[in-house]
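Visitor: See query_8.cif below, with mmCIF, C-alpha atoms (C1' of nucleotides).
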```
data_protein
#
loop_
_atom_site.label_atom_id
_atom_site.label_comp_id
_atom_site.auth_asym_id
_atom_site.auth_seq_id
_atom_site.Cartn_x
_atom_site.Cartn_y
_atom_site.Cartn_z
CA MET X 1 -29.78 -49.98 12.65
CA LYS X 2 -26.16 -49.81 13.67
CA LEU X 3 -23.58 -51.87 11.82
CA THR X 4 -22.52 -53.50 15.10
CA ASP X 5 -26.09 -54.58 15.81
CA ALA X 6 -26.49 -56.06 12.36
CA LYS X 7 -23.26 -57.99 12.81
CA PHE X 8 -24.37 -59.27 16.21
CA LYS X 9 -27.64 -60.41 14.76
CA PHE X 10 -25.80 -62.24 12.04
CA ILE X 11 -23.37 -63.88 14.50
CA THR X 12 -26.09 -65.03 16.87
CA SER X 13 -28.17 -66.53 14.08
CA TRP X 14 -25.13 -68.15 12.51
CA GLY X 15 -24.66 -69.85 15.88
CA VAL X 16 -28.20 -71.17 15.83
CA PHE X 17 -27.85 -72.52 12.29
CA GLY X 18 -24.56 -74.09 13.19
CA SER X 19 -26.07 -75.95 16.11
CA GLN X 20 -28.76 -77.34 13.82
CA TRP X 21 -25.95 -78.83 11.80
CA GLY X 22 -23.57 -80.86 13.94
CA ILE X 23 -21.40 -77.79 14.63
CA ASN X 24 -21.59 -76.49 18.16
CA LYS X 25 -23.09 -73.08 18.76
CA THR X 26 -19.95 -71.35 19.97
CA MET X 27 -17.85 -72.74 17.17
CA ALA X 28 -20.37 -71.41 14.66
CA GLN X 29 -20.54 -68.05 16.41
CA ILE X 30 -16.78 -67.65 16.30
CA HIS X 31 -16.88 -68.53 12.64
CA GLY X 32 -19.63 -65.96 12.09
CA LEU X 33 -17.68 -63.35 14.00
CA LEU X 34 -14.59 -63.92 11.89
CA LEU X 35 -16.68 -63.88 8.71
CA VAL X 36 -17.86 -60.34 9.36
CA ALA X 37 -14.67 -59.12 11.01
CA GLU X 38 -12.63 -56.86 8.76
CA GLN X 39 -9.40 -57.60 10.55
CA PRO X 40 -8.05 -60.83 12.03
CA LEU X 41 -8.94 -61.07 15.73
CA SER X 42 -7.03 -62.31 18.76
CA THR X 43 -8.29 -64.93 21.21
CA GLU X 44 -8.92 -62.11 23.69
CA GLU X 45 -11.10 -60.20 21.27
CA VAL X 46 -13.11 -63.31 20.49
CA MET X 47 -13.55 -64.06 24.21
CA GLU X 48 -14.64 -60.52 24.92
CA THR X 49 -17.03 -60.14 21.99
CA LEU X 50 -18.78 -63.46 22.53
CA GLN X 51 -18.47 -63.46 26.33
CA ILE X 52 -16.86 -66.86 26.55
CA SER X 53 -13.98 -68.34 28.52
CA ARG X 54 -10.43 -68.68 27.33
CA GLY X 55 -10.60 -72.47 27.18
CA ASN X 56 -13.78 -72.44 25.18
CA ALA X 57 -12.47 -69.86 22.73
CA ASN X 58 -9.19 -71.71 22.30
CA MET X 59 -10.78 -75.13 21.71
CA ASN X 60 -13.28 -73.89 19.19
CA ILE X 61 -10.75 -71.80 17.30
CA ARG X 62 -8.56 -74.93 17.05
CA SER X 63 -11.53 -76.83 15.72
CA LEU X 64 -12.21 -74.19 13.11
CA ILE X 65 -8.58 -74.31 12.05
CA ASP X 66 -8.83 -78.12 11.73
CA TRP X 67 -11.87 -77.68 9.54
CA GLY X 68 -9.93 -75.20 7.38
CA LEU X 69 -12.41 -72.42 8.07
CA VAL X 70 -10.06 -70.17 10.00
CA TYR X 71 -6.38 -69.32 9.57
CA LYS X 72 -3.78 -68.42 12.15
CA GLU X 73 -1.96 -65.17 11.42
CA SER X 74 0.68 -63.13 13.11
CA LYS X 75 1.10 -59.38 13.04
CA ILE X 76 4.58 -57.94 13.04
CA GLY X 77 5.54 -56.50 16.39
CA GLU X 78 2.79 -58.52 18.11
CA ARG X 79 3.47 -61.72 19.94
CA LYS X 80 -0.19 -62.74 20.06
CA GLU X 81 -1.79 -64.96 17.46
CA PHE X 82 -4.55 -63.57 15.30
CA PHE X 83 -7.26 -65.45 13.47
CA ARG X 84 -8.71 -64.74 10.07
CA GLY X 85 -11.92 -66.33 8.81
CA GLU X 86 -12.16 -67.87 5.36
CA LYS X 87 -14.48 -65.45 3.57
CA ASP X 88 -15.10 -67.31 0.35
CA ILE X 89 -18.36 -69.06 1.08
CA TRP X 90 -17.77 -71.60 -1.68
CA VAL X 91 -14.49 -72.62 -0.05
CA VAL X 92 -16.26 -72.74 3.32
CA SER X 93 -18.89 -75.13 2.00
CA LYS X 94 -16.38 -77.33 0.27
CA ARG X 95 -14.51 -77.68 3.57
CA VAL X 96 -17.69 -78.52 5.43
CA VAL X 97 -18.68 -81.05 2.76
CA LYS X 98 -15.26 -82.65 2.96
CA MET X 99 -15.35 -82.89 6.75
CA ARG X 100 -18.83 -84.40 6.81
CA HIS X 101 -17.91 -86.72 3.98
CA GLU X 102 -15.00 -88.07 5.98
CA LYS X 103 -16.72 -88.25 9.30
CA GLU X 104 -20.14 -89.42 8.19
CA LEU X 105 -20.03 -91.20 4.86
CA LEU X 106 -16.69 -93.01 4.92
CA PRO X 107 -17.39 -94.90 8.16
CA LEU X 108 -20.74 -95.99 6.71
CA LEU X 109 -19.00 -97.27 3.58
CA ARG X 110 -16.59 -99.24 5.74
CA LEU X 111 -19.41 -100.78 7.74
CA LEU X 112 -21.31 -101.76 4.61
CA GLU X 113 -18.18 -103.28 3.13
CA GLU X 114 -17.71 -105.31 6.26
CA LEU X 115 -21.32 -106.47 6.33
CA ASN X 116 -21.11 -107.39 2.66
CA CYS X 117 -18.10 -109.61 3.27
CA GLN X 118 -19.44 -111.34 6.37
CA GLU X 119 -20.74 -114.77 5.51
CA ILE X 120 -24.14 -115.34 7.06
CA THR X 121 -24.14 -118.95 8.21
CA ASP X 122 -27.29 -119.14 10.19
CA GLY X 123 -30.85 -118.11 9.30
CA ASP X 124 -33.66 -118.73 6.85
CA PRO X 125 -32.23 -118.60 3.27
CA LYS X 126 -34.98 -116.35 2.01
CA SER X 127 -34.48 -113.93 4.88
CA ILE X 128 -30.77 -113.90 4.25
CA THR X 129 -31.36 -112.98 0.62
CA ILE X 130 -33.71 -110.15 1.56
CA TYR X 131 -31.23 -108.82 4.12
CA LYS X 132 -28.34 -108.98 1.66
CA GLU X 133 -30.35 -107.09 -0.92
CA THR X 134 -31.12 -104.34 1.58
CA ILE X 135 -27.44 -103.96 2.42
CA GLN X 136 -26.55 -104.03 -1.27
CA ASP X 137 -29.02 -101.25 -2.07
CA ILE X 138 -27.64 -99.08 0.67
CA SER X 139 -24.05 -99.80 -0.44
CA LYS X 140 -24.79 -98.88 -4.01
CA PHE X 141 -26.34 -95.64 -2.97
CA ALA X 142 -23.55 -94.78 -0.53
CA LYS X 143 -20.93 -95.41 -3.19
CA GLN X 144 -22.64 -93.12 -5.66
CA ALA X 145 -22.90 -90.43 -3.01
CA ASP X 146 -19.21 -90.91 -2.24
CA THR X 147 -18.22 -90.44 -5.87
CA MET X 148 -20.34 -87.36 -6.14
CA LEU X 149 -18.99 -85.76 -2.99
CA THR X 150 -15.39 -86.41 -3.97
CA ARG X 151 -16.05 -84.59 -7.19
CA VAL X 152 -17.80 -81.67 -5.55
CA GLU X 153 -14.82 -81.32 -3.25
CA ASN X 154 -12.54 -80.87 -6.23
CA ALA X 155 -14.86 -78.76 -8.32
CA ASN X 156 -14.45 -75.15 -9.27
CA GLU X 157 -17.25 -72.85 -8.23
CA ASN X 158 -18.36 -71.25 -11.47
CA TRP X 159 -18.08 -74.44 -13.41
CA PHE X 160 -20.01 -76.32 -10.75
CA TRP X 161 -23.03 -74.06 -10.52
CA LYS X 162 -23.18 -73.45 -14.23
CA LYS X 163 -23.22 -77.15 -14.99
CA LEU X 164 -25.51 -78.00 -12.15
CA MET X 165 -28.07 -75.39 -13.07
CA LYS X 166 -28.03 -76.48 -16.67
CA LEU X 167 -28.49 -80.06 -15.57
CA PHE X 168 -31.68 -79.33 -13.74
CA ILE X 169 -33.31 -77.30 -16.45
CA ARG X 170 -34.52 -80.33 -18.31
CA MET Y 1 -22.27 -115.09 11.69
CA LYS Y 2 -25.96 -115.31 12.45
CA LEU Y 3 -28.43 -113.21 10.51
CA THR Y 4 -29.72 -111.72 13.76
CA ASP Y 5 -26.21 -110.66 14.77
CA ALA Y 6 -25.58 -109.03 11.42
CA LYS Y 7 -28.85 -107.13 11.70
CA PHE Y 8 -27.98 -105.98 15.20
CA LYS Y 9 -24.63 -104.77 14.04
CA PHE Y 10 -26.29 -102.83 11.26
CA ILE Y 11 -28.89 -101.30 13.60
CA THR Y 12 -26.35 -100.22 16.21
CA SER Y 13 -24.10 -98.61 13.62
CA TRP Y 14 -27.03 -96.94 11.90
CA GLY Y 15 -27.75 -95.37 15.30
CA VAL Y 16 -24.21 -94.03 15.53
CA PHE Y 17 -24.35 -92.56 12.02
CA GLY Y 18 -27.72 -91.04 12.74
CA SER Y 19 -26.44 -89.29 15.81
CA GLN Y 20 -23.63 -87.77 13.76
CA TRP Y 21 -26.32 -86.22 11.61
CA GLY Y 22 -28.89 -84.30 13.63
CA ILE Y 23 -31.01 -87.42 14.11
CA ASN Y 24 -31.00 -88.84 17.61
CA LYS Y 25 -29.55 -92.27 18.19
CA THR Y 26 -32.75 -94.06 19.13
CA MET Y 27 -34.67 -92.59 16.22
CA ALA Y 28 -31.96 -93.78 13.86
CA GLN Y 29 -31.89 -97.22 15.49
CA ILE Y 30 -35.63 -97.64 15.11
CA HIS Y 31 -35.27 -96.61 11.49
CA GLY Y 32 -32.48 -99.15 11.05
CA LEU Y 33 -34.53 -101.83 12.70
CA LEU Y 34 -37.47 -101.20 10.40
CA LEU Y 35 -35.15 -101.11 7.38
CA VAL Y 36 -33.99 -104.66 7.98
CA ALA Y 37 -37.30 -105.98 9.35
CA GLU Y 38 -39.15 -108.14 6.87
CA GLN Y 39 -42.52 -107.51 8.45
CA PRO Y 40 -43.97 -104.33 9.95
CA LEU Y 41 -43.35 -104.24 13.72
CA SER Y 42 -45.49 -103.15 16.64
CA THR Y 43 -44.43 -100.62 19.27
CA GLU Y 44 -43.93 -103.53 21.67
CA GLU Y 45 -41.56 -105.32 19.34
CA VAL Y 46 -39.55 -102.16 18.83
CA MET Y 47 -39.39 -101.58 22.60
CA GLU Y 48 -38.29 -105.12 23.24
CA THR Y 49 -35.70 -105.35 20.47
CA LEU Y 50 -34.04 -102.06 21.28
CA GLN Y 51 -34.61 -102.21 25.05
CA ILE Y 52 -36.27 -98.83 25.28
CA SER Y 53 -39.29 -97.47 27.11
CA ARG Y 54 -42.76 -97.12 25.68
CA GLY Y 55 -42.64 -93.32 25.70
CA ASN Y 56 -39.31 -93.23 23.93
CA ALA Y 57 -40.43 -95.72 21.28
CA ASN Y 58 -43.66 -93.88 20.70
CA MET Y 59 -42.09 -90.44 20.38
CA ASN Y 60 -39.39 -91.53 17.99
CA ILE Y 61 -41.76 -93.56 15.83
CA ARG Y 62 -43.96 -90.44 15.56
CA SER Y 63 -40.91 -88.46 14.52
CA LEU Y 64 -40.02 -91.00 11.86
CA ILE Y 65 -43.58 -90.85 10.55
CA ASP Y 66 -43.33 -87.04 10.42
CA TRP Y 67 -40.14 -87.36 8.42
CA GLY Y 68 -41.90 -89.76 6.05
CA LEU Y 69 -39.44 -92.56 6.79
CA VAL Y 70 -41.93 -94.90 8.45
CA TYR Y 71 -45.55 -95.74 7.74
CA LYS Y 72 -48.31 -96.78 10.10
CA GLU Y 73 -50.06 -100.00 9.11
CA SER Y 74 -52.80 -102.15 10.52
CA LYS Y 75 -53.15 -105.89 10.28
CA ILE Y 76 -56.59 -107.41 9.97
CA GLY Y 77 -57.74 -109.04 13.16
CA GLU Y 78 -55.15 -107.04 15.16
CA ARG Y 79 -56.00 -103.94 17.07
CA LYS Y 80 -52.38 -102.87 17.50
CA GLU Y 81 -50.64 -100.51 15.11
CA PHE Y 82 -47.72 -101.79 13.09
CA PHE Y 83 -44.93 -99.79 11.54
CA ARG Y 84 -43.23 -100.34 8.22
CA GLY Y 85 -39.96 -98.67 7.26
CA GLU Y 86 -39.47 -96.99 3.89
CA LYS Y 87 -37.02 -99.32 2.17
CA ASP Y 88 -36.21 -97.33 -0.92
CA ILE Y 89 -33.02 -95.61 0.11
CA TRP Y 90 -33.45 -92.97 -2.60
CA VAL Y 91 -36.82 -92.02 -1.13
CA VAL Y 92 -35.28 -92.03 2.34
CA SER Y 93 -32.58 -89.58 1.30
CA LYS Y 94 -34.99 -87.32 -0.51
CA ARG Y 95 -37.07 -87.09 2.65
CA VAL Y 96 -34.02 -86.33 4.76
CA VAL Y 97 -32.85 -83.71 2.27
CA LYS Y 98 -36.27 -82.11 2.28
CA MET Y 99 -36.45 -82.01 6.07
CA ARG Y 100 -33.00 -80.52 6.44
CA HIS Y 101 -33.70 -78.07 3.63
CA GLU Y 102 -36.76 -76.79 5.48
CA LYS Y 103 -35.26 -76.72 8.92
CA GLU Y 104 -31.79 -75.50 8.09
CA LEU Y 105 -31.66 -73.62 4.82
CA LEU Y 106 -34.99 -71.80 4.69
CA PRO Y 107 -34.51 -70.04 8.06
CA LEU Y 108 -31.07 -68.91 6.87
CA LEU Y 109 -32.59 -67.50 3.68
CA ARG Y 110 -35.15 -65.59 5.76
CA LEU Y 111 -32.45 -64.14 7.99
CA LEU Y 112 -30.33 -63.06 5.03
CA GLU Y 113 -33.35 -61.47 3.38
CA GLU Y 114 -34.02 -59.55 6.57
CA LEU Y 115 -30.42 -58.42 6.91
CA ASN Y 116 -30.38 -57.37 3.28
CA CYS Y 117 -33.42 -55.16 3.76
CA GLN Y 118 -32.28 -53.54 7.01
CA GLU Y 119 -30.91 -50.08 6.37
CA ILE Y 120 -27.61 -49.60 8.16
CA THR Y 121 -27.69 -46.03 9.45
CA ASP Y 122 -24.67 -45.90 11.64
CA GLY Y 123 -21.07 -46.94 10.94
CA ASP Y 124 -18.11 -46.24 8.72
CA PRO Y 125 -19.27 -46.23 5.05
CA LYS Y 126 -16.45 -48.45 3.91
CA SER Y 127 -17.15 -50.98 6.64
CA ILE Y 128 -20.83 -50.97 5.75
CA THR Y 129 -19.98 -51.74 2.14
CA ILE Y 130 -17.73 -54.63 3.13
CA TYR Y 131 -20.38 -56.03 5.46
CA LYS Y 132 -23.09 -55.77 2.82
CA GLU Y 133 -20.92 -57.58 0.32
CA THR Y 134 -20.33 -60.41 2.76
CA ILE Y 135 -24.06 -60.81 3.34
CA GLN Y 136 -24.69 -60.59 -0.39
CA ASP Y 137 -22.20 -63.36 -1.13
CA ILE Y 138 -23.76 -65.62 1.43
CA SER Y 139 -27.25 -64.85 0.10
CA LYS Y 140 -26.30 -65.62 -3.43
CA PHE Y 141 -24.84 -68.91 -2.40
CA ALA Y 142 -27.78 -69.85 -0.18
CA LYS Y 143 -30.21 -69.10 -3.00
CA GLN Y 144 -28.33 -71.33 -5.41
CA ALA Y 145 -28.28 -74.11 -2.85
CA ASP Y 146 -32.01 -73.63 -2.32
CA THR Y 147 -32.74 -73.96 -6.04
CA MET Y 148 -30.62 -77.05 -6.28
CA LEU Y 149 -32.17 -78.76 -3.27
CA THR Y 150 -35.68 -78.06 -4.49
CA ARG Y 151 -34.80 -79.76 -7.72
CA VAL Y 152 -33.19 -82.77 -6.07
CA GLU Y 153 -36.33 -83.17 -3.99
CA ASN Y 154 -38.38 -83.52 -7.14
CA ALA Y 155 -35.91 -85.57 -9.12
CA ASN Y 156 -36.26 -89.12 -10.29
CA GLU Y 157 -33.50 -91.41 -9.15
CA ASN Y 158 -32.20 -92.92 -12.38
CA TRP Y 159 -32.40 -89.66 -14.19
CA PHE Y 160 -30.62 -87.90 -11.34
CA TRP Y 161 -27.63 -90.20 -11.06
CA LYS Y 162 -27.26 -90.60 -14.79
CA LYS Y 163 -27.16 -86.88 -15.34
CA LEU Y 164 -24.98 -86.27 -12.36
CA MET Y 165 -22.41 -88.83 -13.33
CA LYS Y 166 -22.30 -87.48 -16.85
CA LEU Y 167 -21.83 -84.01 -15.44
CA PHE Y 168 -18.82 -84.94 -13.39
CA ILE Y 169 -17.02 -86.95 -16.02
CA ARG Y 170 -15.64 -83.90 -17.69
"C1'" DA S 1 18.81 -69.10 32.32
"C1'" DC S 2 15.03 -66.54 33.42
"C1'" DA S 3 10.61 -64.58 33.34
"C1'" DA S 4 7.02 -62.44 30.78
"C1'" DA S 5 3.63 -63.31 27.32
"C1'" DC S 6 1.12 -66.19 25.53
"C1'" DT S 7 -1.45 -71.05 24.49
"C1'" DT S 8 -3.25 -75.48 25.83
"C1'" DT S 9 -5.27 -78.80 28.81
"C1'" DC S 10 -8.55 -80.84 31.74
"C1'" DA S 11 -11.23 -81.79 36.25
"C1'" DG S 12 -15.25 -80.04 37.85
"C1'" DT S 13 -19.59 -77.77 36.79
"C1'" DT S 14 -23.40 -76.17 34.05
"C1'" DT S 15 -26.49 -76.63 30.30
"C1'" DT S 16 -28.83 -79.22 27.02
"C1'" DT S 17 -30.85 -83.20 25.26
"C1'" DA S 18 -32.89 -87.65 25.63
"C1'" DC S 19 -35.35 -91.27 28.30
"C1'" DT S 20 -38.44 -93.48 31.70
"C1'" DG S 21 -42.65 -94.89 33.48
"C1'" DA S 22 -46.85 -94.01 35.29
"C1'" DA S 23 -51.03 -91.50 34.51
"C1'" DA S 24 -54.24 -89.59 31.22
"C1'" DG S 25 -56.38 -90.07 26.86
"C1'" DT S 26 -58.52 -92.64 23.02
"C1'" DT S 27 -60.67 -96.25 20.46
"C1'" DT S 28 -63.23 -100.44 19.87
"C1'" DA S 29 -66.21 -104.18 20.79
"C1'" DA S 30 -69.75 -106.29 23.44
"C1'" DT I 1 -71.77 -97.55 28.86
"C1'" DT I 2 -68.33 -100.11 30.26
"C1'" DA I 3 -63.99 -101.98 30.20
"C1'" DA I 4 -60.24 -103.86 27.83
"C1'" DA I 5 -56.67 -102.77 24.57
"C1'" DC I 6 -54.10 -99.76 23.03
"C1'" DT I 7 -51.60 -94.79 22.35
"C1'" DT I 8 -49.96 -90.37 23.96
"C1'" DT I 9 -48.21 -87.13 27.17
"C1'" DC I 10 -45.21 -85.19 30.45
"C1'" DA I 11 -42.91 -84.39 35.08
"C1'" DG I 12 -39.00 -86.14 36.89
"C1'" DT I 13 -34.48 -88.30 36.06
"C1'" DA I 14 -30.43 -89.79 33.59
"C1'" DA I 15 -26.97 -89.19 30.12
"C1'" DA I 16 -24.39 -86.45 27.00
"C1'" DA I 17 -22.34 -82.27 25.46
"C1'" DA I 18 -20.41 -77.94 26.21
"C1'" DC I 19 -18.14 -74.50 29.17
"C1'" DT I 20 -15.23 -72.48 32.90
"C1'" DG I 21 -11.11 -71.23 35.04
"C1'" DA I 22 -7.07 -72.21 37.02
"C1'" DA I 23 -2.90 -74.75 36.46
"C1'" DA I 24 0.49 -76.63 33.34
"C1'" DG I 25 2.92 -76.05 29.17
"C1'" DT I 26 5.31 -73.43 25.53
"C1'" DT I 27 7.66 -69.74 23.21
"C1'" DT I 28 10.34 -65.56 22.90
"C1'" DG I 29 13.31 -61.77 24.13
"C1'" DT I 30 16.93 -60.25 27.10
#
```
So that I can check it, write out the structure of this file as C-alpha cells.

Guide:
Amino acid sequence: MKLTDAKFKFITSWGVFGSQWGINKTMAQIHGLLLVAEQPLSTEEVMETLQISRGNANMNIRSLIDWGLVYKESKIGERKEFFRGEKDIWVVSKRVVKMRHEKELLPLLRLLEELNCQEITDGDPKSITIYKETIQDISKFAKQADTMLTRVENANENWFWKKLMKLFIR
Amino acid sequence: MKLTDAKFKFITSWGVFGSQWGINKTMAQIHGLLLVAEQPLSTEEVMETLQISRGNANMNIRSLIDWGLVYKESKIGERKEFFRGEKDIWVVSKRVVKMRHEKELLPLLRLLEELNCQEITDGDPKSITIYKETIQDISKFAKQADTMLTRVENANENWFWKKLMKLFIR
DNA sequence: ACAAACTTTCAGTTTTTACTGAAAGTTTAA
DNA sequence: TTAAACTTTCAGTAAAAACTGAAAGTTTGT
C-alpha cells in the first residue's frame, strides 16, 4: 500500500467518525488531512486534496481554528496563509471536551437552574414534589459532570491517565 | 408558573440538547416527556402531547427502547402498550456512554488496527515513519479511552463519583 | 493610490436527515 | 375465522444542514 493511499483512508474515515460526533464531515476531513500532513497546508492545497470549494474550505478551517485544533501560520516570502494541525491527540481531545462542555453542558445547567428557581404555583402538590425531585436529580448529576469536565480540561496527560487507570483497578 | 408549563419547557429544551448530541430532537423530546411523566404513557399520548405522527412516535420510541432508556409496559385490562422512561439519570448516562462507545469508538479502534497492520510499501522512509507515529499515538490514546469507558460502563454510581472527586482534589 | 493577491461572505442549490400518513402486518378475544 | 384493536413499515414529502461559486472585502507591495 502506498503512503498516500493510507493517508487517504485515514482522512476519509476520520470524516465519517467526525460526522458521528456533532462535527461535520468536511471539517473532520480537513482536520484529518492536517493531522497527517507533514507541512502546513494552504487553503488551495486543502481544496484540491479534498475536492471542495473555496467557501467550504475557508469556513471549516475557521471553525477548526475556533476549536483550537488548527493554527494559522505564515511562511516567509509567501503571502498566503498556511494551516498546521494540532498533532498532540491529548490536546485535541481536551479542546473537543472543552467545546462540548461549553456548548452542551453549560446551557443545560442554566436551564436547570432556571427551572429550580421557578415557583410552581399551580398543580397537584404531590406531582409538584415528584417533578422537583426529578429536576433536582438531573441538576445534581449535571453539576458533578461539570466539575469533572472542568478538571479534565486542566489536567496534564500523564498524570491524568496514571491516576485514572489506578482508580479503576479496584 | 403551572406545572404543565414547566414540564413543557423542560421537554422542549431537552430536545434541543439532544439534537446537539447525536440524538434527534423528537427522540430526545419523547425521552424528556417520559422522564417527567409520572405514569407510563401510550403511543397515542406521546403523539398528542408532542404533536407528532404515529410513525414518528413509533420509530423514536423503538430507538429509545434499543438504547435502554425506555421500557415497554402493559397495564392489566388494557391492550395498548405503555412506555416508561428510565428515571435514574446515572443509568441513563451509562446507557448513552455505552451506545456512543460502541458506535463511535470501536469502529475507530478497528480502523487504527487495520492501518497499523497495513505494510506501507511505497513512499519516503522518513515520511512513513512520521505517519506511523501519528497513527500509533492516536491508537494508544483510543485504547486508553476504550479501557476507561468500559470501566465507567460497569461502575457503580456512588463509588464512581466518590473516587473521581477524590482523584481530582489533588 | 492602485492593483494584485489573497480571504470572507452569502444567496442559491444540493445533499442529508427526519417526518407524515396510509397501507400492511400482528395480536387478541369472541 | 373473523374482525377489532393495536403496531410497524415505508414511499413520498418536508425540513435542516452543508456546499458552491461568484462577488465583496481586505491586505500588501510598489

Visitor: I'd like the neighbourhood of range 11-22 of chain I as an NGL selection string, where a residue qualifies if any of its atoms comes within 12 Å (using all atoms listed in the file), though same-chain residues fewer than 2 positions away should be ignored.

Guide: (:X and (19 or 22-27 or 51-60)) or (:Y and (19 or 24-25)) or (:S and (9-23)) or (:I and (9 or 24))

Visitor: What is the CA of Phe82 in chain Y to CA of Pro40 in chain Y distance in Å?

Guide: 5.5 Å

Visitor: Can you measure CA of Glu119 in chain X to CA of Ser139 in chain X for me? One decimal in Å is fine.

Guide: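 CA of Glu119 in chain X sits 16.4 Å away from CA of Ser139 in chain X.
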
Visitor: Taking only residues of chain X that have an atom at most 9 Å from an atom of chain Y, what is each one's shortest atom pair and its distance in Å to one decimal, using only C-alpha atoms, in chain and number order, as a tab-separated table?

Guide:
```
residue	atom	partner	partner_atom	distance
X:Met1	CA	Y:Ile120	CA	5.0
X:Lys2	CA	Y:Asp122	CA	4.7
X:Leu3	CA	Y:Gly123	CA	5.6
X:Thr4	CA	Y:Gly123	CA	7.9
X:Ala6	CA	Y:Leu115	CA	7.1
X:Lys7	CA	Y:Tyr131	CA	8.1
X:Lys9	CA	Y:Leu115	CA	8.6
X:Phe10	CA	Y:Leu115	CA	7.9
X:Ser13	CA	Y:Leu111	CA	7.8
X:Trp14	CA	Y:Leu108	CA	8.2
X:Phe17	CA	Y:Glu104	CA	6.5
X:Gly18	CA	Y:Glu104	CA	9.0
X:Gln20	CA	Y:Glu104	CA	6.7
X:Trp21	CA	Y:Gly22	CA	6.5
X:Gly22	CA	Y:Gly22	CA	6.3
X:Leu35	CA	Y:Thr134	CA	7.8
X:Val36	CA	Y:Tyr131	CA	6.3
X:Ala37	CA	Y:Tyr131	CA	8.5
X:Glu38	CA	Y:Ser127	CA	7.7
X:Lys87	CA	Y:Thr134	CA	7.8
X:Asp88	CA	Y:Asp137	CA	8.3
X:Ile89	CA	Y:Ile138	CA	6.4
X:Trp90	CA	Y:Phe141	CA	7.6
X:Lys103	CA	Y:Gln20	CA	8.2
X:Glu104	CA	Y:Phe17	CA	6.5
X:Leu105	CA	Y:Phe17	CA	8.5
X:Pro107	CA	Y:Phe17	CA	8.3
X:Leu108	CA	Y:Phe17	CA	7.3
X:Leu111	CA	Y:Ser13	CA	7.8
X:Leu112	CA	Y:Phe10	CA	8.4
X:Leu115	CA	Y:Ala6	CA	7.1
X:Gln118	CA	Y:Met1	CA	7.1
X:Glu119	CA	Y:Met1	CA	6.4
X:Ile120	CA	Y:Met1	CA	5.0
X:Thr121	CA	Y:Met1	CA	5.5
X:Asp122	CA	Y:Lys2	CA	4.6
X:Gly123	CA	Y:Leu3	CA	5.6
X:Asp124	CA	Y:Leu3	CA	8.4
X:Ser127	CA	Y:Glu38	CA	7.7
X:Ile128	CA	Y:Leu3	CA	6.7
X:Ile130	CA	Y:Glu38	CA	7.9
X:Tyr131	CA	Y:Val36	CA	6.3
X:Thr134	CA	Y:Val36	CA	7.0
X:Ile135	CA	Y:Val36	CA	8.6
X:Asp137	CA	Y:Ile89	CA	7.2
X:Ile138	CA	Y:Ile89	CA	6.4
X:Phe141	CA	Y:Ile89	CA	7.4
X:Gln144	CA	Y:Trp161	CA	7.9
X:Thr147	CA	Y:Met165	CA	8.7
X:Met148	CA	Y:Met165	CA	7.6
X:Arg151	CA	Y:Phe168	CA	6.8
X:Val152	CA	Y:Phe168	CA	8.6
X:Ala155	CA	Y:Phe168	CA	8.9
X:Trp161	CA	Y:Gln144	CA	7.9
X:Lys163	CA	Y:Leu167	CA	7.0
X:Leu164	CA	Y:Leu167	CA	7.8
X:Met165	CA	Y:Met148	CA	7.4
X:Leu167	CA	Y:Lys163	CA	7.0
X:Phe168	CA	Y:Arg151	CA	6.8
```

Visitor: Could you work out which residues of chain S fall inside 9 Å of chain X? Count all atoms listed in the file, and format the result as a short mmCIF file (atom, residue, chain, number, x, y, z; two decimals) with C-alpha atoms (C1' of nucleotides), in the frame of the given file.

Guide:
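Okay, this is what ended up in iface-v7.cif:
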```cif
data_model
loop_
_atom_site.label_atom_id
_atom_site.label_comp_id
_atom_site.auth_asym_id
_atom_site.auth_seq_id
_atom_site.Cartn_x
_atom_site.Cartn_y
_atom_site.Cartn_z
"C1'" DA S 5 3.63 -63.31 27.32
"C1'" DC S 6 1.12 -66.19 25.53
"C1'" DT S 7 -1.45 -71.05 24.49
"C1'" DT S 8 -3.25 -75.48 25.83
"C1'" DT S 9 -5.27 -78.80 28.81
#
```

Visitor: On this file, the PyMOL selection byres ((chain X and resi 74) around 12) gives some set of residues; write that set as a ChimeraX atom specification.

Guide: /X:39-42,71-73,75-84

Visitor: Hey, can you check how far CA of Leu64 in chain X sits from CA of Lys98 in chain X?

Guide: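 Separation of CA of Leu64 in chain X and CA of Lys98 in chain X: 13.6 Å.
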
Visitor: Evaluating the PyMOL selection byres ((chain S and resi 27-30) around 10) on the displayed file yields which residues, as a ChimeraX atom specification?

Guide: /Y:79 /S:25-26 /I:2-7

Visitor: Box in all listed atoms of range 3-6 of chain I, axis-aligned, with 5 Å more on each side; write out centre and edge lengths in Å to one decimal as JSON.

Guide:
```
{"center_x": -59.0, "center_y": -101.8, "center_z": 26.6, "size_x": 19.9, "size_y": 14.1, "size_z": 17.2}
```

Visitor: I'd like the neighbourhood of DC2 in chain S as a VMD selection string, where a residue qualifies if any of its atoms comes within 12 Å (using all atoms listed in the file), though same-chain residues fewer than 3 positions away should be ignored.

Guide: chain I and resid 28 to 30
